[in-house]
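K.L.:
My structure is stored as upload_20.txt, with compact mmCIF, C-alpha atoms and all ligand atoms.
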# COMPACT_ATOMS: atom_id res chain seq x y z
CA MET H 1 29.03 14.68 37.08
CA GLU H 2 29.65 11.07 36.19
CA PRO H 3 28.24 10.14 32.79
CA ASP H 4 25.42 7.61 32.96
CA PRO H 5 27.02 4.23 32.14
CA LYS H 6 23.96 3.21 30.10
CA GLU H 7 24.22 6.35 28.05
CA ALA H 8 27.96 5.90 27.57
CA GLU H 9 27.31 2.36 26.34
CA PHE H 10 24.63 3.65 23.94
CA PHE H 11 27.02 6.16 22.37
CA ARG H 12 29.81 3.57 22.27
CA ARG H 13 27.50 1.34 20.22
CA LEU H 14 26.60 4.25 17.91
CA ASP H 15 30.31 4.93 17.42
CA ALA H 16 30.88 1.27 16.56
CA ASP H 17 28.02 1.48 14.03
CA GLU H 18 26.07 -1.20 15.86
CA SER H 19 22.34 -1.15 15.27
CA ILE H 20 20.05 -0.22 18.15
CA GLU H 21 17.13 -2.59 18.67
CA PRO H 22 13.80 -2.08 20.48
CA LYS H 23 14.84 -4.07 23.57
CA ASP H 24 18.06 -2.02 24.01
CA TRP H 25 18.38 0.91 26.36
CA PHE H 26 18.34 4.30 24.62
CA PRO H 27 17.87 7.91 25.74
CA GLU H 28 14.38 9.35 25.86
CA ARG H 29 15.38 11.96 23.26
CA TYR H 30 16.31 9.16 20.85
CA ARG H 31 12.85 7.63 21.27
CA LYS H 32 11.17 11.04 20.84
CA GLN H 33 13.11 11.94 17.71
CA LEU H 34 12.46 8.55 16.14
CA ILE H 35 8.74 8.62 16.90
CA ARG H 36 8.50 12.12 15.44
CA MET H 37 10.43 11.21 12.32
CA MET H 38 8.99 7.76 11.68
CA SER H 39 5.39 8.79 12.24
CA GLN H 40 5.82 11.82 9.93
CA HIS H 41 7.33 9.48 7.39
CA ALA H 42 4.43 7.02 7.71
CA HIS H 43 1.86 9.84 7.41
CA SER H 44 3.65 11.06 4.26
CA GLU H 45 3.27 7.65 2.63
CA ILE H 46 -0.43 7.55 3.47
CA VAL H 47 -1.25 11.14 2.48
CA GLY H 48 1.04 10.70 -0.53
CA MET H 49 -1.47 8.30 -2.07
CA LEU H 50 -3.96 11.12 -2.58
CA PRO H 51 -2.39 13.28 -5.31
CA GLU H 52 -1.74 10.19 -7.44
CA GLY H 53 -5.02 8.49 -6.57
CA ASN H 54 -6.59 11.52 -8.23
CA TRP H 55 -5.53 10.15 -11.65
CA ILE H 56 -6.11 6.40 -11.32
CA THR H 57 -9.54 6.52 -12.93
CA ARG H 58 -8.30 8.84 -15.65
CA ALA H 59 -5.01 7.15 -16.56
CA PRO H 60 -4.59 7.38 -20.36
CA THR H 61 -3.98 3.66 -21.01
CA PHE H 62 -4.46 0.36 -19.24
CA ARG H 63 -0.67 -0.05 -18.87
CA ARG H 64 -0.52 3.31 -17.10
CA LYS H 65 -3.47 2.47 -14.92
CA ILE H 66 -2.17 -0.85 -13.56
CA GLY H 67 1.25 0.72 -13.00
CA LEU H 68 -0.17 3.64 -11.06
CA LEU H 69 -2.51 1.44 -9.07
CA ALA H 70 0.36 -0.84 -8.04
CA LYS H 71 2.48 2.17 -7.08
CA VAL H 72 -0.26 3.68 -4.91
CA GLN H 73 -0.74 0.27 -3.22
CA ASP H 74 2.98 0.20 -2.49
CA GLU H 75 2.72 3.58 -0.78
CA ALA H 76 -0.02 2.21 1.50
CA GLY H 77 2.33 -0.68 2.26
CA HIS H 78 5.17 1.75 3.04
CA GLY H 79 2.92 3.53 5.51
CA LEU H 80 2.16 0.22 7.23
CA TYR H 81 5.84 -0.84 7.40
CA LEU H 82 6.60 2.47 9.05
CA TYR H 83 3.69 2.54 11.50
CA SER H 84 4.56 -0.94 12.73
CA ALA H 85 8.27 -0.09 12.93
CA ALA H 86 7.33 3.00 14.98
CA GLU H 87 5.14 0.84 17.24
CA THR H 88 8.32 -0.86 18.49
CA LEU H 89 9.03 2.45 20.27
CA GLY H 90 5.97 2.11 22.47
CA ILE H 91 3.46 4.30 20.65
CA SER H 92 0.37 2.71 19.11
CA ARG H 93 -0.62 3.05 15.49
CA ASP H 94 -3.96 4.40 16.59
CA GLU H 95 -2.33 7.18 18.58
CA MET H 96 -0.15 8.19 15.63
CA TYR H 97 -3.06 8.06 13.23
CA GLN H 98 -5.24 10.19 15.48
CA GLN H 99 -2.47 12.79 15.59
CA LEU H 100 -2.61 12.92 11.80
CA LEU H 101 -6.40 13.13 11.62
CA GLN H 102 -6.51 15.86 14.24
CA GLY H 103 -4.00 17.91 12.30
CA GLN H 104 -1.34 17.73 15.04
CA ALA H 105 1.14 15.70 13.03
CA LYS H 106 3.21 16.84 10.10
CA TYR H 107 3.79 15.06 6.82
CA SER H 108 5.93 15.95 3.82
CA HIS H 109 4.94 19.35 2.46
CA ILE H 110 5.16 18.01 -1.10
CA PHE H 111 1.81 16.21 -0.92
CA ASN H 112 -0.05 19.47 -0.49
CA TYR H 113 0.48 20.36 -4.14
CA PRO H 114 -2.23 19.47 -6.67
CA THR H 115 -1.96 17.10 -9.64
CA LEU H 116 -3.45 19.29 -12.35
CA SER H 117 -2.57 17.22 -15.42
CA TRP H 118 -1.52 13.67 -16.25
CA ALA H 119 2.06 14.92 -16.65
CA ASP H 120 2.11 15.58 -12.90
CA ILE H 121 1.95 11.83 -12.35
CA GLY H 122 5.13 11.41 -14.37
CA MET H 123 6.78 14.22 -12.38
CA ILE H 124 5.82 12.65 -9.04
CA GLY H 125 7.40 9.30 -9.93
CA TRP H 126 10.49 10.83 -11.47
CA LEU H 127 11.06 13.71 -9.03
CA VAL H 128 9.16 13.08 -5.77
CA ASP H 129 9.98 9.38 -5.58
CA GLY H 130 13.45 10.19 -6.92
CA ALA H 131 14.02 12.58 -4.00
CA ALA H 132 12.50 10.07 -1.57
CA ILE H 133 14.94 7.40 -2.76
CA ILE H 134 17.93 9.61 -1.97
CA ASN H 135 16.59 10.30 1.52
CA GLN H 136 15.57 6.73 2.19
CA THR H 137 18.84 5.22 0.94
CA MET H 138 20.54 7.25 3.66
CA LEU H 139 17.96 6.18 6.25
CA ALA H 140 18.50 2.52 5.35
CA LYS H 141 21.81 2.95 7.20
CA CYS H 142 20.33 4.72 10.24
CA SER H 143 21.10 3.48 13.73
CA TYR H 144 17.62 2.18 14.66
CA GLY H 145 17.25 -1.39 13.36
CA PRO H 146 13.49 -1.51 12.67
CA TYR H 147 13.61 1.83 10.79
CA ALA H 148 16.66 0.82 8.76
CA ARG H 149 15.12 -2.53 7.80
CA ALA H 150 11.84 -0.90 6.76
CA MET H 151 13.88 1.47 4.55
CA VAL H 152 15.72 -1.37 2.84
CA ARG H 153 12.38 -2.93 1.95
CA ILE H 154 10.95 0.39 0.76
CA CYS H 155 13.99 1.33 -1.35
CA LYS H 156 13.63 -1.88 -3.35
CA GLU H 157 10.10 -0.85 -4.33
CA GLU H 158 10.84 2.80 -5.01
CA ASN H 159 12.86 2.05 -8.11
CA PHE H 160 9.75 0.84 -9.84
CA HIS H 161 7.98 4.06 -8.81
CA LYS H 162 10.74 6.20 -10.25
CA LYS H 163 10.96 4.26 -13.48
CA GLN H 164 7.23 4.31 -14.17
CA GLY H 165 7.41 8.09 -13.69
CA MET H 166 10.36 8.40 -16.07
CA GLU H 167 8.54 6.34 -18.67
CA ILE H 168 5.60 8.74 -18.50
CA VAL H 169 7.85 11.81 -18.81
CA GLY H 170 9.84 10.22 -21.64
CA THR H 171 6.67 9.30 -23.54
CA LEU H 172 5.23 12.81 -23.22
CA MET H 173 8.50 14.42 -24.30
CA ALA H 174 8.59 12.20 -27.39
CA GLY H 175 4.99 13.16 -28.20
CA THR H 176 3.12 16.08 -29.75
CA PRO H 177 4.07 19.72 -29.05
CA GLU H 178 1.05 19.85 -26.76
CA GLN H 179 2.25 16.83 -24.75
CA ARG H 180 5.72 18.36 -24.48
CA ARG H 181 4.23 21.61 -23.26
CA MET H 182 2.17 19.73 -20.68
CA ALA H 183 5.31 17.98 -19.41
CA GLN H 184 7.29 21.24 -19.25
CA GLU H 185 4.50 22.97 -17.33
CA ALA H 186 4.33 20.12 -14.85
CA PHE H 187 8.13 20.20 -14.47
CA ASP H 188 7.95 23.94 -13.78
CA ARG H 189 5.44 23.27 -11.00
CA TRP H 190 7.32 20.42 -9.30
CA TRP H 191 11.00 21.39 -9.63
CA TRP H 192 11.26 23.87 -6.77
CA PRO H 193 8.96 22.08 -4.31
CA THR H 194 10.92 18.83 -4.74
CA LEU H 195 14.17 20.66 -3.93
CA MET H 196 12.57 21.56 -0.59
CA MET H 197 11.89 17.91 0.23
CA PHE H 198 15.40 17.59 1.70
CA GLY H 199 14.57 20.19 4.32
CA VAL H 200 16.04 23.57 5.17
CA PRO H 201 19.85 23.93 5.26
CA ASP H 202 21.19 22.13 8.33
CA GLN H 203 22.25 25.33 10.11
CA ALA H 204 18.58 26.38 10.09
CA SER H 205 17.15 22.97 10.97
CA PRO H 206 16.15 22.55 14.62
CA ASN H 207 16.61 18.77 14.60
CA SER H 208 19.55 18.10 12.31
CA ALA H 209 22.32 18.28 14.93
CA GLU H 210 20.64 15.83 17.29
CA LEU H 211 19.61 13.46 14.50
CA THR H 212 23.19 13.41 13.28
CA ARG H 213 24.53 12.77 16.80
CA PHE H 214 22.11 9.83 17.08
CA LYS H 215 23.21 8.56 13.64
CA ILE H 216 19.63 8.66 12.45
CA LYS H 217 20.76 11.16 9.82
CA ARG H 218 24.06 10.41 8.17
CA LYS H 219 24.26 13.14 5.54
CA SER H 220 23.40 16.81 5.58
CA ASN H 221 20.25 18.14 3.92
CA ASP H 222 22.31 20.21 1.49
CA GLU H 223 24.52 17.27 0.60
CA LEU H 224 21.48 15.15 -0.30
CA ARG H 225 19.89 18.05 -2.18
CA GLN H 226 23.03 18.55 -4.26
CA ARG H 227 23.06 14.87 -5.19
CA TYR H 228 19.48 15.20 -6.33
CA ILE H 229 20.16 18.38 -8.33
CA ASP H 230 23.11 16.88 -10.19
CA MET H 231 21.15 13.78 -11.13
CA LYS H 232 17.90 15.47 -12.08
CA VAL H 233 19.40 18.34 -14.09
CA ALA H 234 21.24 15.83 -16.27
CA GLN H 235 18.07 13.76 -16.72
CA ALA H 236 15.95 16.85 -17.46
CA HIS H 237 18.34 17.84 -20.21
CA ALA H 238 18.23 14.32 -21.64
CA PHE H 239 14.43 14.52 -21.68
CA GLY H 240 14.62 17.92 -23.40
CA LEU H 241 13.13 19.79 -20.44
CA VAL H 242 14.23 23.29 -19.40
CA VAL H 243 15.04 23.68 -15.70
CA PRO H 244 12.98 26.64 -14.43
CA ASP H 245 15.90 28.41 -12.78
CA PRO H 246 17.59 31.40 -14.51
CA ASP H 247 20.55 31.12 -12.10
CA LEU H 248 21.28 27.46 -12.82
CA LYS H 249 24.88 26.96 -13.92
CA PHE H 250 27.48 24.24 -14.03
CA ASP H 251 30.43 24.79 -11.76
CA ASP H 252 33.47 23.45 -13.61
CA ALA H 253 35.68 23.56 -10.53
CA THR H 254 33.50 21.18 -8.49
CA GLY H 255 31.57 19.37 -11.19
CA HIS H 256 28.24 20.33 -9.55
CA TRP H 257 25.19 22.16 -10.84
CA ARG H 258 24.53 25.34 -8.82
CA ILE H 259 20.96 26.57 -8.37
CA GLY H 260 19.46 29.95 -7.53
CA PRO H 261 17.94 30.72 -4.10
CA ILE H 262 15.14 28.47 -2.78
CA ASP H 263 12.03 30.29 -1.53
CA TRP H 264 11.93 28.86 2.01
CA ASN H 265 8.96 31.05 2.87
CA GLU H 266 6.88 28.98 0.50
CA PHE H 267 8.09 25.83 2.24
CA TYR H 268 7.11 27.09 5.70
CA ARG H 269 3.79 28.36 4.42
CA VAL H 270 2.86 24.97 2.96
CA LEU H 271 4.18 23.07 5.97
CA GLN H 272 2.14 25.22 8.31
CA GLY H 273 -1.09 24.49 6.49
CA ALA H 274 -1.45 27.16 3.83
CA GLY H 275 -0.49 25.09 0.79
CA PRO H 276 -2.88 24.63 -2.13
CA CYS H 277 -4.29 21.28 -0.86
CA ASN H 278 -3.63 20.96 2.89
CA ARG H 279 -7.28 21.16 3.86
CA GLU H 280 -8.40 18.81 1.09
CA ARG H 281 -5.78 16.19 2.03
CA LEU H 282 -6.76 16.08 5.69
CA GLU H 283 -10.44 15.96 4.85
CA ALA H 284 -9.85 13.05 2.48
CA ARG H 285 -8.04 11.11 5.23
CA ARG H 286 -10.77 11.84 7.76
CA GLN H 287 -13.41 10.75 5.29
CA ALA H 288 -11.54 7.53 4.55
CA TYR H 289 -11.21 6.84 8.29
CA ALA H 290 -14.92 7.41 8.85
CA ASP H 291 -15.85 5.29 5.83
CA GLY H 292 -13.69 2.46 7.14
CA ALA H 293 -15.31 2.39 10.59
CA TRP H 294 -17.58 -0.54 9.72
CA VAL H 295 -14.58 -2.60 8.61
CA ARG H 296 -12.79 -2.02 11.91
CA GLU H 297 -15.99 -2.82 13.84
CA ALA H 298 -16.57 -6.03 11.88
CA ALA H 299 -12.96 -7.14 12.41
CA ALA H 300 -13.24 -6.43 16.15
CA ALA H 301 -16.53 -8.36 16.42
CA PHE H 302 -14.99 -11.29 14.55
CA GLU H 303 -11.96 -11.38 16.84
CA LYS H 304 -14.09 -11.00 19.95
CA LYS H 305 -16.11 -14.05 18.95
CA ARG H 306 -12.97 -16.04 18.17
CA ARG H 307 -11.51 -15.32 21.59
CA GLN H 308 -14.78 -16.30 23.29
CA LYS H 309 -14.76 -19.60 21.39
CA GLU H 310 -11.14 -20.17 22.32
CA GLU H 311 -11.94 -19.56 25.98
CA THR H 312 -14.91 -21.96 26.05
CA ALA H 313 -12.78 -24.59 24.34
CA ALA H 314 -9.95 -24.21 26.87
CA MET O 1 -4.89 -20.29 28.40
CA SER O 2 -5.24 -17.51 25.87
CA SER O 3 -2.21 -15.32 25.20
CA ALA O 4 -4.30 -12.58 23.59
CA PRO O 5 -4.06 -9.25 25.40
CA PRO O 6 -7.25 -7.79 26.85
CA ALA O 7 -9.32 -5.68 24.48
CA ARG O 8 -8.95 -1.94 24.86
CA ALA O 9 -11.78 0.05 26.38
CA ASP O 10 -12.98 1.25 23.00
CA GLY O 11 -13.45 -2.32 21.77
CA ASP O 12 -10.34 -2.42 19.61
CA PHE O 13 -9.30 -6.06 19.43
CA THR O 14 -6.19 -5.47 17.36
CA GLU O 15 -2.74 -6.56 18.47
CA LEU O 16 0.73 -6.63 16.96
CA PHE O 17 1.97 -9.74 15.14
CA GLU O 18 5.49 -10.53 13.97
CA VAL O 19 5.67 -11.79 10.40
CA PHE O 20 7.98 -14.57 9.16
CA VAL O 21 8.22 -15.36 5.46
CA GLN O 22 9.59 -18.49 3.84
CA GLU O 23 10.55 -17.38 0.33
CA LYS O 24 11.11 -20.88 -1.08
CA ALA O 25 10.09 -24.30 0.17
CA GLY O 26 12.94 -25.83 2.12
CA GLU O 27 14.38 -22.47 3.28
CA ALA O 28 14.06 -21.11 6.79
CA HIS O 29 11.29 -18.67 7.67
CA GLN O 30 12.75 -15.19 8.07
CA HIS O 31 11.46 -12.33 10.17
CA VAL O 32 10.39 -9.50 7.87
CA GLY O 33 8.48 -7.07 10.10
CA SER O 34 5.16 -6.79 11.87
CA VAL O 35 1.49 -6.06 11.27
CA ARG O 36 -1.33 -4.91 13.51
CA ALA O 37 -4.55 -6.89 13.12
CA ALA O 38 -7.67 -8.08 14.89
CA GLY O 39 -6.76 -11.74 15.27
CA PRO O 40 -4.45 -14.21 13.57
CA SER O 41 -6.38 -14.90 10.37
CA LEU O 42 -6.63 -11.20 9.51
CA ALA O 43 -2.99 -10.82 10.49
CA LEU O 44 -2.12 -13.43 7.87
CA GLN O 45 -4.07 -11.58 5.21
CA HIS O 46 -2.48 -8.25 6.13
CA ALA O 47 0.95 -9.90 6.13
CA ARG O 48 0.32 -11.15 2.62
CA ASP O 49 -0.82 -7.70 1.44
CA VAL O 50 2.04 -5.88 3.12
CA TYR O 51 5.00 -8.27 2.77
CA ALA O 52 4.22 -10.37 -0.31
CA ARG O 53 2.87 -7.98 -2.94
CA ARG O 54 5.44 -9.12 -5.50
CA SER O 55 6.97 -12.47 -4.63
CA SER O 56 4.83 -15.53 -4.00
CA PRO O 57 6.44 -17.06 -0.93
CA ALA O 58 6.10 -20.71 0.05
CA SER O 59 4.58 -19.81 3.41
CA ILE O 60 4.00 -17.08 5.98
CA TRP O 61 3.86 -17.36 9.78
CA VAL O 62 2.36 -14.74 12.07
CA VAL O 63 3.10 -14.81 15.80
CA PRO O 64 1.61 -12.45 18.40
CA THR O 65 4.47 -10.15 19.41
CA ALA O 66 3.42 -10.62 23.04
CA ALA O 67 4.05 -14.37 22.73
CA ILE O 68 7.76 -13.92 22.05
CA THR O 69 10.19 -14.45 24.91
CA ALA O 70 13.57 -12.89 24.26
CA THR O 71 16.95 -12.67 25.96
CA VAL O 72 17.40 -9.69 28.25
CA ASP O 73 20.29 -7.35 27.54
CA ALA O 74 21.64 -7.28 31.09
CA ASP O 75 21.93 -11.09 31.18
CA ILE O 76 23.35 -11.62 27.72
CA ALA O 77 26.98 -11.99 28.74
CA SER O 78 26.30 -14.68 31.33
CA PHE O 79 23.54 -16.27 29.26
CA PHE O 80 25.81 -17.02 26.32
CA GLU O 81 28.96 -17.42 28.43
CA PRO O 82 28.90 -21.27 28.52
CA ALA O 83 29.70 -21.38 24.79
CA ALA O 84 32.67 -19.01 24.95
CA ASP O 85 35.40 -21.30 26.26
CA LYS O 86 34.53 -24.48 24.40
CA ALA O 87 36.97 -24.49 21.55
CA TYR O 88 36.60 -28.27 21.35
CA ARG O 89 33.21 -27.73 19.70
CA HIS O 90 34.97 -26.48 16.56
CA PRO O 91 36.85 -28.50 13.95
CA GLN O 92 39.90 -26.20 14.26
CA PHE O 93 40.50 -27.70 17.74
CA TYR O 94 41.51 -31.04 16.27
CA ARG O 95 44.72 -32.09 14.53
CA VAL O 96 45.00 -34.66 11.79
CA PRO O 97 48.37 -36.12 10.63
CA LYS O 98 49.92 -33.81 8.04
CA ASP O 99 50.06 -36.21 5.11
CA THR O 100 46.42 -37.33 5.36
CA PRO O 101 44.83 -36.41 2.00
CA GLU O 102 42.28 -33.59 2.13
CA GLU O 103 38.68 -34.46 1.45
CA SER O 104 37.29 -32.78 -1.61
FE FE K 1 6.87 5.29 -0.57
FE FE K 2 7.17 5.69 -3.84
Step by step, read the file and then write its structure as structure tokens.
P.N.:
Amino acid sequence: MEPDPKEAEFFRRLDADESIEPKDWFPERYRKQLIRMMSQHAHSEIVGMLPEGNWITRAPTFRRKIGLLAKVQDEAGHGLYLYSAAETLGISRDEMYQQLLQGQAKYSHIFNYPTLSWADIGMIGWLVDGAAIINQTMLAKCSYGPYARAMVRICKEENFHKKQGMEIVGTLMAGTPEQRRMAQEAFDRWWWPTLMMFGVPDQASPNSAELTRFKIKRKSNDELRQRYIDMKVAQAHAFGLVVPDPDLKFDDATGHWRIGPIDWNEFYRVLQGAGPCNRERLEARRQAYADGAWVREAAAAFEKKRRQKEETAA
Amino acid sequence: MSSAPPARADGDFTELFEVFVQEKAGEAHQHVGSVRAAGPSLALQHARDVYARRSSPASIWVVPTAAITATVDADIASFFEPAADKAYRHPQFYRVPKDTPEES
């Protein structure tokens, strides 16, 4: 069978590292994979506001409060960049959002864990945003132009998120024994779940091969995870934190830190809805959507009137 | 004539707008992304909230995405073809006597 010339041209452009734009021809699978990935990413930003929002009113100082508030606002912005970038693929924001509210769409499993103490806020900035930066730096070079450009914009803002988290962790670790214990306990809770944020090993991932072929993914899950481990173990030691992994050891031959086995069953459990906060997160989003109905109605009424005026004037 | 798309059945009057930001007065406006909004004035406010949370740009434009006319891929070669063979539009095409002093 003759290869489709359009498809051949598409792969030639991928090979030449040219960026694919909305008006270009691309295979249906490329559209499907991007919509899946970008909408999950957008949902993660939106749901990701909830665990941190939990502490805004209880932030220990004003400095912490304005920092956290600005970070959570950024995450809302990230969600909007991503929804509008995904809209270039011919799906509406409303459709994506309904998929989230109806529980049909996935989002990062990490946001289904609770924020039990203030130290969790430090851990989220340092570890969760730290992991997101590694992922998103790779995606900033992905083949789809609107996605890549949204990632460039997001990466610039993530550094502030990570640093405000590191300041919190550093402050707690320089504090009283009780503050240090609080930080260690939070670290124990977040370490393993953040390692799962890079996804299952590529051999076990149903989408990795295709995403790599489409140059949406440019590094393997394990490669990214190892980068994260090497960076975070060194930082944890500098903070004076103990990594909760009895198997952790430094491999002199390769210069990498090696970890013990990851409990992927936990990952699947949380992803499939049985995490500590899945139900609460979805309910909070549904409530927010219902509470915002009057705003959407008012905006629609306002625009309807404006268009009527415009028509009578024309 | 109004370029606004018809409202959806459920009374949603939102549409997509492309956002252009001018970071400093005197610079060109640059495309930064898009926002969905019910009408241009809300689109401007959303654009500010989404694309100017840190910097204070000199100005922002929003343009309904539907109002943009773009080149079509299939025609690109012939569309831009007239420029391809006109070397005489570039300074390199012209020769100046060797010993003429360079301008600084
Ligand atoms: Fe984010
Ligand atoms: Fe972030």
K.L.:
Give me, as a PyMOL selection string, the residues of chain H touching chain O, with the criterion being at most 10 Å (counting all atoms listed in the file).
P.N.:
chain H and resi 23-25+70+73-74+76-85+87-88+92-94+146+149-150+153+157+296-304+306-308+310-311+313-314
K.L.:
CA of Ala288 in chain H and CA of Gly48 in chain H are how many Å apart?
P.N.:
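Pair CA of Ala288 in chain H / CA of Gly48 in chain H returns 13.9 Å.
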K.L.:
Please list as number ranges by chain every residue within 12 Å of Ser56 in chain O, counting all atoms listed in the file and excluding residues in the same chain fewer than 6 positions away.
P.N.:
O: 21-25, 48-49
K.L.:
Could you pull the residues within 6 Å of Pro201 in chain H, counting only C-alpha atoms, minus those fewer than 2 positions along the same chain, as a list in words?
P.N.:
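Skipping anything fewer than 2 positions along the chain leaves Gln203, Ala204, Asn221 and Asp222 of chain H.
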K.L.:
Just C-alpha atoms for this one: save the residues we selected as a PDB file, in the coordinates of the input.
P.N.:
ATOM      1  CA  GLN H 203      22.250  25.330  10.110  1.00  0.00           C
ATOM      2  CA  ALA H 204      18.580  26.380  10.090  1.00  0.00           C
ATOM      3  CA  ASN H 221      20.250  18.140   3.920  1.00  0.00           C
ATOM      4  CA  ASP H 222      22.310  20.210   1.490  1.00  0.00           C
TER       5      ASP H 222
END
K.L.:
CA of Met123 in chain H and CA of Lys162 in chain H are how many Å apart?
P.N.:
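It comes out at 9.2 Å.
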K.L.:
Just to confirm, what's the straight-line distance from CA of Gln92 in chain O to CA of Ile76 in chain O in Å (one decimal)?
P.N.:
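For CA of Gln92 in chain O relative to CA of Ile76 in chain O, the distance reads 25.8 Å.
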K.L.:
For a quick check of understanding, using all atoms listed in the file, which of H:His161, H:Lys32, H:His43, H:Arg218 has the smallest distance to Trp126 in chain H?
P.N.:
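Closest residue, counting all atoms listed in the file: H:His161.
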K.L.:
Calculated over only C-alpha atoms and all ligand atoms, which of the candidates H:Leu224, H:Ile66, H:Met151, H:Ile56 has the smallest distance to ligand FE 2 (chain K)?
P.N.:
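Between H:Leu224, H:Ile66, H:Met151, H:Ile56, the residue approaching ligand FE 2 (chain K) most closely is H:Met151.
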K.L.:
Please identify all protein, DNA and RNA residues within 9 Å of ligand FE 2 (chain K), counting only C-alpha atoms and all ligand atoms, and report them as a PyMOL selection string.
P.N.:
chain H and resi 45+48+71-72+74-75+78+124-125+128-130+132-133+154-155+157-162
K.L.:
With only C-alpha atoms as the basis for distance, which of H:Trp191, H:Glu266, H:Glu283, H:Ser19 is at the shortest distance from Val233 in chain H?
P.N.:
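When distances to Val233 in chain H are compared using only C-alpha atoms, the smallest one comes from H:Trp191.
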K.L.:
Which one is closest to ligand FE 1 (chain K): H:Glu7, H:Gly67, H:Gln136, H:Leu50? Count only C-alpha atoms and all ligand atoms.
P.N.:
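Looking only at the distances to ligand FE 1 (chain K), the closest residue turns out to be H:Gln136.
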K.L.:
Considering all atoms listed in the file, state which residue in the set H:Arg225, H:Arg286, H:Arg36, H:Arg180 is at the smallest distance from Gly240 in chain H.
P.N.:
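Using all atoms listed in the file, Gly240 in chain H sits closest to H:Arg180.
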K.L.:
Using all atoms listed in the file, which protein or nucleic acid residues come within 7 Å of Lys217 in chain H? Drop anything in the same chain fewer than 6 positions from it, and give the result as a PyMOL selection string.
P.N.:
chain H and resi 139+142+211
K.L.:
Give the answer as one residue: which of H:Asn135, H:Trp264, H:Leu172, H:Ile35 has the shortest atom-to-atom distance to Glu223 in chain H, using only C-alpha atoms?
P.N.:
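The shortest atom-to-atom distance to Glu223 in chain H comes from H:Asn135.
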K.L.:
Which neighbours of Leu68 in chain H fall inside 9 Å, counting all atoms listed in the file, when residues of the same chain fewer than 6 positions from it are skipped, and could you give them as a PyMOL selection string?
P.N.:
chain H and resi 52-53+55-56+59+121+161+164
K.L.:
Can I get the selected residues back with C-alpha atoms, as a compact mmCIF listing (two decimals), keeping the file's coordinate frame?
P.N.:
# COMPACT_ATOMS: atom_id res chain seq x y z
CA GLU H 52 -1.74 10.19 -7.44
CA GLY H 53 -5.02 8.49 -6.57
CA TRP H 55 -5.53 10.15 -11.65
CA ILE H 56 -6.11 6.40 -11.32
CA ALA H 59 -5.01 7.15 -16.56
CA ILE H 121 1.95 11.83 -12.35
CA HIS H 161 7.98 4.06 -8.81
CA GLN H 164 7.23 4.31 -14.17
